[in-house]
file start.cif (mmCIF, C-alpha atoms)
data_target
loop_
_atom_site.label_atom_id
_atom_site.label_comp_id
_atom_site.auth_asym_id
_atom_site.auth_seq_id
_atom_site.Cartn_x
_atom_site.Cartn_y
_atom_site.Cartn_z
CA MET M 1 -20.81 -34.12 20.89
CA ILE M 2 -22.72 -33.20 17.70
CA GLN M 3 -26.47 -32.99 17.22
CA ILE M 4 -27.96 -32.26 13.83
CA ARG M 5 -31.56 -31.08 13.88
CA ASP M 6 -33.92 -30.39 10.94
CA LEU M 7 -30.96 -29.61 8.71
CA VAL M 8 -31.57 -28.52 5.13
CA ILE M 9 -28.66 -27.70 2.83
CA GLN M 10 -29.38 -26.19 -0.55
CA ARG M 11 -27.21 -26.11 -3.64
CA ASN M 12 -28.24 -23.69 -6.40
CA GLY M 13 -31.62 -23.24 -4.73
CA ILE M 14 -32.38 -26.97 -4.65
CA ASP M 15 -32.39 -29.13 -1.52
CA ALA M 16 -29.15 -31.14 -1.59
CA LEU M 17 -29.45 -32.69 1.86
CA ARG M 18 -32.14 -33.09 4.52
CA ILE M 19 -31.44 -34.58 7.92
CA ASP M 20 -34.18 -34.54 10.56
CA SER M 21 -32.01 -35.81 13.37
CA LEU M 22 -28.52 -37.27 13.70
CA ASP M 23 -26.24 -37.47 16.73
CA ILE M 24 -22.51 -38.18 16.73
CA GLN M 25 -21.01 -39.26 20.05
CA ARG M 26 -17.53 -38.27 21.21
CA GLY M 27 -15.02 -40.99 20.38
CA GLU M 28 -17.30 -42.54 17.79
CA THR M 29 -16.49 -43.22 14.15
CA LEU M 30 -19.66 -42.78 12.14
CA THR M 31 -19.57 -44.12 8.60
CA VAL M 32 -21.76 -42.55 5.95
CA VAL M 33 -22.69 -44.58 2.90
CA GLY M 34 -24.77 -43.67 -0.12
CA PRO M 35 -24.64 -43.49 -3.91
CA ASN M 36 -22.79 -40.76 -5.83
CA GLY M 37 -24.45 -37.36 -5.50
CA ALA M 38 -26.53 -38.49 -2.51
CA GLY M 39 -25.34 -35.64 -0.28
CA LYS M 40 -22.61 -37.39 1.74
CA SER M 41 -19.91 -34.83 0.97
CA THR M 42 -22.43 -32.05 1.57
CA LEU M 43 -22.89 -33.38 5.10
CA LEU M 44 -19.14 -33.24 5.74
CA LEU M 45 -18.86 -29.72 4.30
CA ALA M 46 -21.71 -28.60 6.56
CA LEU M 47 -20.10 -30.22 9.61
CA ALA M 48 -16.84 -28.41 8.76
CA ARG M 49 -18.79 -25.16 8.36
CA LEU M 50 -17.58 -24.81 4.79
CA ILE M 51 -21.19 -24.41 3.61
CA GLN M 52 -24.10 -22.84 5.45
CA PRO M 53 -27.41 -24.59 6.11
CA ALA M 54 -30.56 -23.10 4.58
CA SER M 55 -32.38 -24.08 7.78
CA GLY M 56 -31.98 -26.22 10.86
CA GLU M 57 -28.86 -26.40 12.95
CA ILE M 58 -25.73 -28.26 13.86
CA ILE M 59 -25.05 -28.21 17.57
CA TYR M 60 -21.43 -28.76 18.58
CA ASP M 61 -20.59 -29.28 22.24
CA GLY M 62 -23.93 -27.79 23.26
CA ARG M 63 -23.64 -24.64 21.16
CA SER M 64 -25.14 -24.01 17.77
CA GLN M 65 -22.53 -23.87 15.03
CA LYS M 66 -23.47 -20.21 14.41
CA GLN M 67 -22.67 -19.32 18.02
CA TRP M 68 -19.06 -20.43 17.65
CA ASP M 69 -16.46 -18.06 16.29
CA GLU M 70 -16.01 -19.33 12.72
CA LEU M 71 -12.23 -19.79 12.86
CA GLU M 72 -12.28 -21.27 16.36
CA TYR M 73 -14.91 -23.76 15.18
CA ARG M 74 -13.07 -24.72 11.99
CA ARG M 75 -9.85 -25.27 13.93
CA LYS M 76 -11.48 -28.05 15.97
CA ILE M 77 -11.84 -30.04 12.79
CA SER M 78 -9.62 -31.64 10.12
CA PHE M 79 -10.89 -32.48 6.66
CA VAL M 80 -9.43 -35.14 4.36
CA PHE M 81 -10.78 -34.95 0.82
CA GLN M 82 -11.12 -37.66 -1.81
CA SER M 83 -8.17 -36.13 -3.64
CA PRO M 84 -5.07 -35.45 -1.47
CA LEU M 85 -4.96 -31.78 -2.63
CA LEU M 86 -1.36 -31.33 -1.53
CA MET M 87 0.29 -27.95 -1.96
CA ASP M 88 3.30 -27.40 -4.23
CA MET M 89 5.81 -27.82 -1.38
CA SER M 90 7.67 -30.62 0.39
CA VAL M 91 5.96 -33.44 2.26
CA GLU M 92 6.92 -32.07 5.67
CA GLN M 93 5.77 -28.55 4.76
CA ASN M 94 2.44 -30.01 3.67
CA VAL M 95 2.03 -31.92 6.92
CA ALA M 96 2.95 -28.77 8.87
CA LEU M 97 0.39 -26.59 7.06
CA GLY M 98 -2.47 -26.65 9.60
CA LEU M 99 -0.06 -26.15 12.52
CA THR M 100 1.46 -23.16 10.71
CA PHE M 101 -2.03 -21.68 10.32
CA ARG M 102 -2.48 -21.99 14.08
CA GLY M 103 0.80 -20.22 14.83
CA ILE M 104 2.32 -23.19 16.67
CA PRO M 105 6.05 -22.67 17.55
CA LYS M 106 8.48 -24.13 14.98
CA ASP M 107 10.08 -26.62 17.38
CA GLU M 108 6.71 -28.09 18.27
CA ILE M 109 5.68 -28.21 14.60
CA SER M 110 8.87 -30.05 13.72
CA GLU M 111 8.36 -32.60 16.50
CA ARG M 112 4.68 -33.26 15.78
CA VAL M 113 5.19 -33.39 11.99
CA GLY M 114 8.07 -35.86 12.38
CA GLU M 115 6.00 -38.07 14.65
CA TRP M 116 2.96 -38.19 12.34
CA MET M 117 4.97 -38.66 9.16
CA LYS M 118 6.51 -41.68 10.89
CA GLN M 119 3.11 -43.00 12.03
CA LEU M 120 1.75 -42.80 8.49
CA GLY M 121 4.90 -44.31 6.97
CA VAL M 122 6.05 -41.24 5.02
CA GLY M 123 8.96 -40.21 7.27
CA ALA M 124 11.50 -41.12 4.60
CA LEU M 125 9.77 -38.82 2.10
CA SER M 126 9.85 -35.70 4.27
CA LYS M 127 11.96 -33.57 1.89
CA ARG M 128 10.37 -34.85 -1.30
CA PRO M 129 8.20 -32.43 -3.33
CA ALA M 130 4.53 -33.39 -3.05
CA GLY M 131 4.23 -33.52 -6.84
CA GLN M 132 6.58 -36.51 -6.96
CA LEU M 133 4.50 -38.79 -4.72
CA SER M 134 2.42 -41.78 -5.79
CA GLY M 135 -1.34 -41.70 -5.14
CA GLY M 136 -1.02 -43.84 -2.02
CA GLU M 137 1.89 -41.81 -0.64
CA ALA M 138 0.04 -38.55 -1.30
CA GLN M 139 -3.04 -39.76 0.56
CA ARG M 140 -0.83 -40.87 3.48
CA VAL M 141 0.59 -37.33 3.59
CA SER M 142 -2.93 -35.96 3.48
CA LEU M 143 -3.90 -38.16 6.46
CA ALA M 144 -0.74 -37.14 8.38
CA ARG M 145 -1.63 -33.49 7.68
CA ALA M 146 -5.04 -34.03 9.25
CA PHE M 147 -3.96 -36.20 12.23
CA VAL M 148 -1.06 -33.92 13.21
CA LEU M 149 -3.64 -31.28 14.19
CA ASP M 150 -5.04 -33.64 16.85
CA PRO M 151 -8.55 -32.60 15.79
CA GLU M 152 -11.63 -33.02 17.95
CA LEU M 153 -13.46 -34.15 14.81
CA LEU M 154 -11.93 -35.79 11.74
CA LEU M 155 -13.89 -35.70 8.49
CA LEU M 156 -12.84 -38.18 5.80
CA ASP M 157 -14.51 -37.89 2.40
CA GLU M 158 -13.84 -41.15 0.53
CA PRO M 159 -10.09 -40.72 1.02
CA PHE M 160 -9.17 -44.01 -0.65
CA SER M 161 -11.53 -44.10 -3.60
CA ALA M 162 -8.87 -43.19 -6.16
CA LEU M 163 -6.37 -45.83 -4.97
CA ASP M 164 -5.69 -49.32 -6.32
CA PRO M 165 -7.14 -52.16 -4.16
CA PRO M 166 -3.91 -53.32 -2.40
CA THR M 167 -2.88 -49.73 -1.52
CA ARG M 168 -6.43 -49.00 -0.42
CA ALA M 169 -6.58 -52.09 1.81
CA LYS M 170 -3.27 -51.27 3.54
CA LEU M 171 -4.16 -47.61 4.07
CA PHE M 172 -7.60 -48.54 5.38
CA GLU M 173 -5.99 -50.91 7.86
CA ASP M 174 -3.61 -48.18 9.09
CA LEU M 175 -6.38 -45.58 9.33
CA SER M 176 -8.63 -47.97 11.18
CA ALA M 177 -5.88 -48.69 13.74
CA LEU M 178 -5.21 -44.96 14.25
CA LEU M 179 -8.88 -44.13 14.78
CA LYS M 180 -9.35 -46.95 17.26
CA LYS M 181 -6.12 -46.25 19.16
CA ASP M 182 -7.05 -42.65 20.00
CA HIS M 183 -10.85 -43.15 20.14
CA ARG M 184 -10.98 -40.25 17.75
CA THR M 185 -14.34 -38.81 16.74
CA ALA M 186 -14.60 -39.21 12.99
CA VAL M 187 -17.09 -39.21 10.15
CA PHE M 188 -15.98 -41.44 7.29
CA VAL M 189 -17.69 -41.43 3.90
CA THR M 190 -17.35 -44.55 1.77
CA HIS M 191 -19.08 -46.62 -0.89
CA ASN M 192 -17.75 -49.82 0.56
CA LEU M 193 -20.01 -51.53 3.11
CA ASN M 194 -17.20 -53.86 4.19
CA GLU M 195 -15.07 -50.87 5.13
CA ALA M 196 -18.04 -49.29 6.87
CA THR M 197 -18.67 -52.43 8.90
CA LYS M 198 -15.02 -52.79 9.93
CA LEU M 199 -14.61 -49.15 10.87
CA SER M 200 -17.69 -48.29 12.87
CA GLN M 201 -20.54 -49.54 14.95
CA ARG M 202 -23.06 -47.20 13.40
CA ILE M 203 -23.64 -46.54 9.73
CA ALA M 204 -25.70 -43.69 8.28
CA VAL M 205 -27.31 -44.24 4.89
CA ILE M 206 -27.97 -41.17 2.74
CA VAL M 207 -29.86 -41.67 -0.51
CA GLY M 208 -31.33 -38.96 -2.74
CA GLY M 209 -30.34 -36.10 -0.46
CA MET M 210 -32.02 -37.59 2.64
CA LEU M 211 -30.72 -39.40 5.68
CA ARG M 212 -32.72 -42.64 5.42
CA GLN M 213 -31.37 -44.83 8.19
CA VAL M 214 -28.83 -45.00 10.98
CA GLY M 215 -27.93 -48.33 12.53
CA THR M 216 -25.49 -51.19 12.72
CA ALA M 217 -24.43 -52.96 9.53
CA LYS M 218 -26.59 -55.91 10.53
CA GLN M 219 -29.67 -53.75 11.13
CA ILE M 220 -29.25 -51.99 7.81
CA LYS M 221 -28.68 -55.20 5.88
CA THR M 222 -31.47 -57.17 7.46
CA ARG M 223 -34.00 -54.39 8.00
CA PRO M 224 -33.46 -51.56 5.49
CA ALA M 225 -35.60 -48.56 6.38
CA ASP M 226 -37.23 -48.28 2.98
CA GLU M 227 -37.05 -49.42 -0.62
CA THR M 228 -34.43 -46.84 -1.61
CA VAL M 229 -32.05 -48.12 1.10
CA ALA M 230 -32.71 -51.72 0.04
CA ALA M 231 -32.09 -50.85 -3.61
CA PHE M 232 -28.87 -49.00 -2.72
CA LEU M 233 -27.57 -51.90 -0.59
CA HIS M 234 -28.34 -54.32 -3.39
CA GLU M 235 -26.03 -52.39 -5.74
CA LEU M 236 -23.16 -51.96 -3.27
CA PRO M 237 -19.90 -53.91 -3.72
CA GLN M 238 -19.95 -56.48 -0.90
CA MET R 1 25.69 9.72 -23.07
CA THR R 2 24.34 11.27 -19.84
CA GLU R 3 21.13 12.10 -21.67
CA ILE R 4 20.65 8.50 -22.81
CA PHE R 5 21.33 7.29 -19.27
CA ASN R 6 18.71 9.71 -17.89
CA ILE R 7 16.16 8.69 -20.52
CA THR R 8 16.77 5.01 -19.73
CA LEU R 9 16.53 5.60 -15.99
CA LEU R 10 13.26 7.54 -16.38
CA SER R 11 11.82 4.79 -18.60
CA LEU R 12 12.64 2.14 -16.00
CA GLN R 13 11.42 4.25 -13.06
CA VAL R 14 8.11 5.19 -14.67
CA SER R 15 7.33 1.66 -15.93
CA ALA R 16 8.44 0.01 -12.67
CA ILE R 17 6.26 2.34 -10.57
CA ALA R 18 3.28 1.81 -12.91
CA THR R 19 3.78 -1.97 -12.73
CA VAL R 20 3.97 -1.97 -8.92
CA ILE R 21 0.80 0.16 -8.65
CA SER R 22 -0.89 -2.19 -11.16
CA LEU R 23 0.13 -5.14 -9.00
CA LEU R 24 -1.27 -3.45 -5.88
CA ILE R 25 -4.57 -2.98 -7.72
CA GLY R 26 -4.59 -6.11 -9.86
CA LEU R 27 -3.67 -8.71 -7.25
CA PRO R 28 -6.54 -8.00 -4.81
CA VAL R 29 -9.10 -7.21 -7.52
CA GLY R 30 -8.13 -10.29 -9.57
CA THR R 31 -8.34 -12.42 -6.41
CA TRP R 32 -11.76 -10.98 -5.55
CA LEU R 33 -13.00 -11.76 -9.06
CA ALA R 34 -11.52 -15.27 -9.08
CA LEU R 35 -12.78 -16.33 -5.65
CA GLY R 36 -15.96 -14.30 -5.45
CA ASN R 37 -19.38 -15.60 -6.34
CA PHE R 38 -21.57 -12.58 -6.89
CA ARG R 39 -23.92 -11.12 -9.43
CA GLY R 40 -22.16 -9.17 -12.17
CA ARG R 41 -18.89 -11.08 -11.80
CA SER R 42 -18.87 -12.27 -15.43
CA PHE R 43 -19.67 -8.75 -16.63
CA ILE R 44 -16.77 -7.24 -14.64
CA LEU R 45 -14.43 -9.98 -15.90
CA SER R 46 -15.45 -9.22 -19.50
CA ILE R 47 -14.69 -5.51 -18.91
CA ILE R 48 -11.28 -6.42 -17.41
CA ASN R 49 -10.52 -8.74 -20.33
CA THR R 50 -11.41 -5.96 -22.77
CA GLY R 51 -9.15 -3.66 -20.75
CA MET R 52 -6.27 -6.06 -21.34
CA ALA R 53 -6.35 -5.03 -25.00
CA LEU R 54 -6.76 -1.30 -24.31
CA PRO R 55 -4.95 0.70 -27.04
CA PRO R 56 -2.32 2.93 -25.35
CA VAL R 57 -3.19 5.90 -27.60
CA VAL R 58 -6.80 5.78 -26.42
CA VAL R 59 -5.62 5.69 -22.80
CA GLY R 60 -3.26 8.56 -23.60
CA LEU R 61 -6.07 10.58 -25.12
CA VAL R 62 -8.43 10.08 -22.17
CA VAL R 63 -5.74 10.81 -19.57
CA ALA R 64 -4.63 13.89 -21.56
CA ILE R 65 -8.22 15.21 -21.64
CA MET R 66 -8.55 14.63 -17.89
CA LEU R 67 -5.21 16.28 -17.04
CA TRP R 68 -5.39 19.09 -19.59
CA ARG R 69 -5.30 22.55 -18.04
CA SER R 70 -8.99 23.07 -18.75
CA GLY R 71 -9.83 19.41 -17.90
CA PRO R 72 -11.43 18.12 -14.70
CA LEU R 73 -8.03 17.38 -13.10
CA GLY R 74 -6.20 20.28 -14.73
CA SER R 75 -5.68 22.04 -11.43
CA LEU R 76 -3.26 19.27 -10.42
CA HIS R 77 -0.82 20.46 -13.15
CA LEU R 78 0.20 16.91 -14.00
CA ILE R 79 0.06 17.03 -17.78
CA TYR R 80 3.52 16.62 -19.36
CA THR R 81 5.03 15.25 -16.16
CA PRO R 82 6.38 11.75 -15.36
CA VAL R 83 3.39 11.33 -12.99
CA ALA R 84 1.04 11.68 -15.98
CA ILE R 85 2.94 8.88 -17.75
CA ILE R 86 2.70 6.71 -14.62
CA ILE R 87 -1.07 7.30 -14.46
CA ALA R 88 -1.53 6.37 -18.13
CA GLN R 89 0.74 3.31 -17.88
CA THR R 90 -1.04 2.12 -14.72
CA ILE R 91 -4.36 2.28 -16.60
CA ILE R 92 -2.77 0.14 -19.34
CA ALA R 93 -1.10 -2.43 -17.04
CA ALA R 94 -3.72 -2.79 -14.26
CA PRO R 95 -6.28 -4.71 -16.39
CA VAL R 96 -3.48 -6.99 -17.65
CA VAL R 97 -2.36 -7.85 -14.11
CA THR R 98 -5.97 -8.12 -12.86
CA GLY R 99 -7.14 -10.36 -15.69
CA LEU R 100 -4.12 -12.67 -15.53
CA THR R 101 -4.34 -12.85 -11.71
CA ALA R 102 -7.99 -13.91 -11.96
CA ALA R 103 -7.11 -16.48 -14.64
CA ALA R 104 -4.18 -17.84 -12.58
CA LEU R 105 -6.35 -18.37 -9.49
CA GLU R 106 -9.28 -19.78 -11.45
CA ALA R 107 -6.92 -22.40 -12.90
CA LEU R 108 -6.28 -23.83 -9.41
CA ASP R 109 -8.36 -26.77 -8.20
CA PRO R 110 -11.46 -25.10 -6.67
CA ARG R 111 -11.40 -27.65 -3.82
CA LEU R 112 -8.05 -26.25 -2.70
CA GLN R 113 -9.89 -23.34 -1.02
CA GLN R 114 -12.04 -25.77 0.95
CA GLN R 115 -9.01 -27.90 1.81
CA LEU R 116 -7.11 -24.91 3.22
CA LEU R 117 -10.13 -23.76 5.22
CA GLY R 118 -10.68 -27.37 6.31
CA LEU R 119 -7.18 -27.36 7.78
CA GLY R 120 -7.97 -24.25 9.80
CA ALA R 121 -6.71 -21.44 7.56
CA SER R 122 -8.15 -17.98 8.13
CA ARG R 123 -9.47 -16.24 4.98
CA GLY R 124 -6.23 -14.24 4.74
CA GLN R 125 -4.06 -17.35 5.13
CA MET R 126 -6.12 -19.14 2.49
CA ILE R 127 -5.60 -16.31 -0.01
CA TRP R 128 -1.87 -16.13 0.78
CA TYR R 129 -1.43 -19.87 0.14
CA LEU R 130 -3.51 -19.70 -3.06
CA TRP R 131 -1.18 -16.91 -4.27
CA ARG R 132 1.77 -19.07 -3.30
CA GLU R 133 0.33 -22.02 -5.23
CA ALA R 134 -0.26 -19.83 -8.30
CA ARG R 135 3.05 -17.95 -7.95
CA LEU R 136 4.36 -18.94 -11.39
CA PRO R 137 1.39 -17.64 -13.43
CA LEU R 138 1.22 -14.62 -11.09
CA LEU R 139 4.82 -13.82 -11.95
CA ALA R 140 3.87 -14.18 -15.61
CA ALA R 141 1.09 -11.63 -14.96
CA LEU R 142 3.68 -9.25 -13.53
CA MET R 143 5.94 -9.76 -16.55
CA ALA R 144 3.04 -9.15 -18.94
CA GLY R 145 2.10 -5.97 -17.05
CA PHE R 146 5.64 -4.63 -17.19
CA GLY R 147 5.99 -5.63 -20.84
CA SER R 148 2.82 -3.79 -21.76
CA VAL R 149 4.10 -0.46 -20.36
CA ILE R 150 7.85 -0.46 -21.02
CA SER R 151 7.11 -0.91 -24.72
CA GLU R 152 4.17 1.49 -25.18
CA VAL R 153 4.71 4.83 -26.86
CA GLY R 154 1.30 6.36 -27.61
CA ALA R 155 0.24 7.19 -24.06
CA SER R 156 3.71 8.37 -22.97
CA MET R 157 3.88 10.68 -25.97
CA MET R 158 0.43 12.17 -25.45
CA VAL R 159 0.50 12.74 -21.69
CA GLY R 160 4.26 13.18 -21.26
CA GLY R 161 4.88 15.37 -24.29
CA ASN R 162 8.37 13.91 -24.90
CA ILE R 163 10.01 16.92 -23.22
CA ARG R 164 13.79 16.66 -23.24
CA GLY R 165 15.22 16.15 -19.78
CA GLN R 166 11.76 15.87 -18.21
CA THR R 167 9.43 13.33 -19.77
CA ARG R 168 11.42 11.80 -22.58
CA VAL R 169 11.49 8.01 -22.25
CA LEU R 170 13.13 5.42 -24.51
CA THR R 171 10.08 4.76 -26.71
CA THR R 172 9.28 8.45 -27.27
CA ALA R 173 12.97 9.17 -27.94
CA ILE R 174 12.98 6.42 -30.60
CA VAL R 175 9.94 8.01 -32.30
CA LEU R 176 11.64 11.42 -32.23
CA GLU R 177 14.93 10.15 -33.68
CA THR R 178 13.06 8.29 -36.43
CA SER R 179 11.05 11.41 -37.34
CA LYS R 180 14.34 13.32 -37.62
CA GLY R 181 15.74 10.63 -39.94
CA GLU R 182 18.36 9.68 -37.34
CA PHE R 183 17.90 5.97 -37.90
CA GLY R 184 21.26 5.02 -36.39
CA GLN R 185 20.38 6.78 -33.13
CA ALA R 186 16.86 5.28 -33.20
CA LEU R 187 18.27 1.78 -33.75
CA ALA R 188 20.75 2.21 -30.89
CA LEU R 189 17.95 3.28 -28.52
CA SER R 190 15.75 0.41 -29.74
CA THR R 191 18.57 -2.05 -29.07
CA LEU R 192 19.00 -0.60 -25.59
CA LEU R 193 15.25 -0.95 -24.92
CA LEU R 194 15.27 -4.54 -26.16
CA VAL R 195 18.31 -5.48 -24.07
CA LEU R 196 16.81 -3.90 -20.94
CA THR R 197 13.46 -5.63 -21.46
CA TYR R 198 15.28 -8.90 -22.07
CA LEU R 199 17.40 -8.58 -18.91
CA ILE R 200 14.39 -7.79 -16.72
CA ASN R 201 12.40 -10.68 -18.18
CA LEU R 202 15.44 -12.96 -17.87
CA ALA R 203 15.63 -12.19 -14.16
CA LEU R 204 11.89 -12.78 -13.68
CA THR R 205 12.00 -15.98 -15.76
CA TRP R 206 14.91 -17.21 -13.64
CA ILE R 207 12.87 -16.59 -10.47
CA GLN R 208 9.88 -18.29 -12.10
CA GLN R 209 11.81 -21.35 -13.22
CA SER R 210 13.72 -21.79 -9.96
CA GLY R 211 10.31 -21.69 -8.27
CA SER R 212 8.94 -24.41 -10.54
CA LYS R 213 11.90 -26.73 -9.91
CA LYS R 214 11.47 -26.67 -6.12
#
call {"tool": "encode", "arguments": {"input": "start.cif", "output": "structure tokens"}}
result
Amino acid sequence: MIQIRDLVIQRNGIDALRIDSLDIQRGETLTVVGPNGAGKSTLLLALARLIQPASGEIIYDGRSQKQWDELEYRRKISFVFQSPLLMDMSVEQNVALGLTFRGIPKDEISERVGEWMKQLGVGALSKRPAGQLSGGEAQRVSLARAFVLDPELLLLDEPFSALDPPTRAKLFEDLSALLKKDHRTAVFVTHNLNEATKLSQRIAVIVGGMLRQVGTAKQIKTRPADETVAAFLHELPQ
Amino acid sequence: MTEIFNITLLSLQVSAIATVISLLIGLPVGTWLALGNFRGRSFILSIINTGMALPPVVVGLVVAIMLWRSGPLGSLHLIYTPVAIIIAQTIIAAPVVTGLTAAALEALDPRLQQQLLGLGASRGQMIWYLWREARLPLLAALMAGFGSVISEVGASMMVGGNIRGQTRVLTTAIVLETSKGEFGQALALSTLLLVLTYLINLALTWIQQSGSKK
């Protein structure tokens, strides 16, 4: 579904991310791990076409990202950030946001929003202002807002990192079930190798702005590609 | 009594039109400055911020020179007309609205732009929702713009000429009555101006606060 070739992303004139080759299959959840500032979020932003590569290309469904109409391309994708970034409106209005952008009829919006609020366990909060939600509730709304769009590609940038461990564990469990149920194509960024192992077959390791290794958790643990990967794994919470 | 009513009406009309024009200029320009990432942005912002403290008499002087019969725009015959006052007041209010619009949008979480685009918003939809998110400070920008023009006297006096029945507004009428030693009349007009300004700001504050409670 996605092929990344010779990709270089620059930030302020400096290389922030280099990926020689990376493929993402349809229906696959790819987990990306790496230390802070390694370039993981940069990869997601590039996949979402929110930043432009300095060189190289991202091929989506056989066509280079540049060949797609920008809005048409972006509307294939949903992005969940580390912070829920909810708008100053009710829960249901927040969940409906992406559908409103797409001009979906109100009846359909109402039906889909209701269904996904229920799936994420925030149905009872539908009329509540977003500013009154707890961290866990807000991130559930953020996930519902992304899933309701039925995206071809779901990008999740450490969505649980700001949550307390019990809330994080429960939300991870729910997310994992949703991704597996629909065989949804997703790229999930995390610091937690346990989460990575549970969520996906393949894990990509980015360290120092470079994609170092792609493989199963076992391959990465037992045969790290280089010293930087080994050093990173050594410091990860197990 | 009719004269006071006409003066009050003209004051409100002129300042309201100038504020609306300032909003039409300030909202897009302030948005462009807040969201843009281009060379010279800081310089333009510093000019706008300086413009927020523009002395009305200086604006009045420049507009008067431009509109004077022998001036570059003299052929338009606008000097000593309500249009001249609107032009001067727009020059006073536009930097206020622009600067406060830019500040309001810059105060939002910068990732909000990416989040809206990441949910499939077009550029126009993104800007609309950023305005919506910053609606309370944007309303404050509008109030500040209106406040800066309804209360100014220097520019209105210089480009309007304080002509009875034509360009006399509340502030210029207050100056005239004071110069004549008619302090009672001047105080009455001042009270009227204060009450009007209060009522307009009360209405805008009510809208602002009901928005923040939602």
call {"tool": "closest_atom_pairs", "arguments": {"input": "start.cif", "of": "chain M", "to": "chain R", "cutoff": "6 Å", "atoms": "only C-alpha atoms", "output": "JSON lines"}}
result
{"residue": "M:Arg74", "atom": "CA", "partner": "R:Gly120", "partner_atom": "CA", "distance": 5.6}
{"residue": "M:Arg75", "atom": "CA", "partner": "R:Gly120", "partner_atom": "CA", "distance": 4.7}
{"residue": "M:Ser78", "atom": "CA", "partner": "R:Leu119", "partner_atom": "CA", "distance": 5.5}
{"residue": "M:Phe79", "atom": "CA", "partner": "R:Gly118", "partner_atom": "CA", "distance": 5.1}
{"residue": "M:Gly98", "atom": "CA", "partner": "R:Leu119", "partner_atom": "CA", "distance": 5.1}
{"residue": "M:Phe101", "atom": "CA", "partner": "R:Ala121", "partner_atom": "CA", "distance": 5.4}
call {"tool": "residues_around", "arguments": {"input": "start.cif", "residues": "stretch 17-34 of chain R", "least_positions_apart": "2", "cutoff": "8 Å", "atoms": "all atoms listed in the file", "output": "MDAnalysis selection string"}}
result
chainID R and resid 13:15 36:37 41 45 86:87 89:91 93:103 105:106 127 142 145:146 149
call {"tool": "resolve_selection", "arguments": {"input": "start.cif", "expression": "the PyMOL selection byres ((chain M and resi 60) around 9)", "output": "list in words"}}
result
Met1, Ile2, Gln3, Ile4, Ile58, Ile59, Asp61, Gly62, Arg63, Ser64, Gln65, Trp68 and Tyr73 of chain M
call {"tool": "atom_distance", "arguments": {"input": "start.cif", "atom1": "atom CA of R:Ala188", "atom2": "atom CA of R:Glu3"}}
result
13.5 Å
call {"tool": "closest_residue", "arguments": {"input": "start.cif", "among": "M:Asp15, M:Asp6, M:Val33, M:Ala38", "to": "M:Ser55", "atoms": "all atoms listed in the file"}}
result
M:Asp6
call {"tool": "atom_distance", "arguments": {"input": "start.cif", "atom1": "atom CA of M:Leu175", "atom2": "atom CA of M:Val122"}}
result
13.9 Å
call {"tool": "residues_near_point", "arguments": {"input": "start.cif", "point": "(-9.3, -38.5, 9.7)", "cutoff": "7 Å", "atoms": "only C-alpha atoms", "output": "compact mmCIF listing (two decimals) with C-alpha atoms, in the frame of the given file"}}
result
# COMPACT_ATOMS: atom_id res chain seq x y z
CA SER M 78 -9.62 -31.64 10.12
CA PHE M 79 -10.89 -32.48 6.66
CA VAL M 80 -9.43 -35.14 4.36
CA LEU M 143 -3.90 -38.16 6.46
CA ALA M 146 -5.04 -34.03 9.25
CA PHE M 147 -3.96 -36.20 12.23
CA LEU M 154 -11.93 -35.79 11.74
CA LEU M 155 -13.89 -35.70 8.49
CA LEU M 156 -12.84 -38.18 5.80
CA ALA M 186 -14.60 -39.21 12.99
call {"tool": "atom_distance", "arguments": {"input": "start.cif", "atom1": "atom CA of M:Pro165", "atom2": "atom CA of M:Pro129"}}
result
25.0 Å
call {"tool": "residues_around", "arguments": {"input": "start.cif", "residues": "M:Gly136", "least_positions_apart": "2", "cutoff": "8 Å", "atoms": "all atoms listed in the file", "output": "compact mmCIF listing (two decimals) with C-alpha atoms, keeping the file's coordinate frame"}}
result
# COMPACT_ATOMS: atom_id res chain seq x y z
CA LEU M 133 4.50 -38.79 -4.72
CA SER M 134 2.42 -41.78 -5.79
CA ALA M 138 0.04 -38.55 -1.30
CA GLN M 139 -3.04 -39.76 0.56
CA ARG M 140 -0.83 -40.87 3.48
CA LEU M 163 -6.37 -45.83 -4.97
CA THR M 167 -2.88 -49.73 -1.52
CA ARG M 168 -6.43 -49.00 -0.42
CA LEU M 171 -4.16 -47.61 4.07
call {"tool": "resolve_selection", "arguments": {"input": "start.cif", "expression": "the PyMOL selection byres ((chain R and resi 56) around 12)", "output": "NGL selection string"}}
result
:R and (51-55 or 57-64 or 85 or 87-93 or 148-159)
call {"tool": "residues_near_point", "arguments": {"input": "start.cif", "point": "(-17.0, -27.8, 7.7)", "cutoff": "8 Å", "atoms": "only C-alpha atoms", "output": "MDAnalysis selection string"}}
result
(chainID M and resid 44:51 74 77 79) or (chainID R and resid 118)
call {"tool": "residues_around", "arguments": {"input": "start.cif", "residues": "M:Met89", "least_positions_apart": "2", "cutoff": "7 Å", "atoms": "all atoms listed in the file", "output": "list in words"}}
result
Met87, Val91, Gln93, Asn94, Pro129 and Ala130 of chain M
call {"tool": "resolve_selection", "arguments": {"input": "start.cif", "expression": "the PyMOL selection byres ((chain R and resi 68-81) around 8)", "output": "list in words"}}
result
Ala64, Ile65, Met66, Leu67, Pro82, Val83, Ala84, Ile85, Val159, Gly160, Gly161, Asn162, Ile163, Gln166 and Thr167 of chain R
call {"tool": "closest_residue", "arguments": {"input": "start.cif", "among": "M:Ile14, M:Leu193, M:Val32, M:Leu236", "to": "M:Leu211", "atoms": "all atoms listed in the file"}}
result
M:Val32
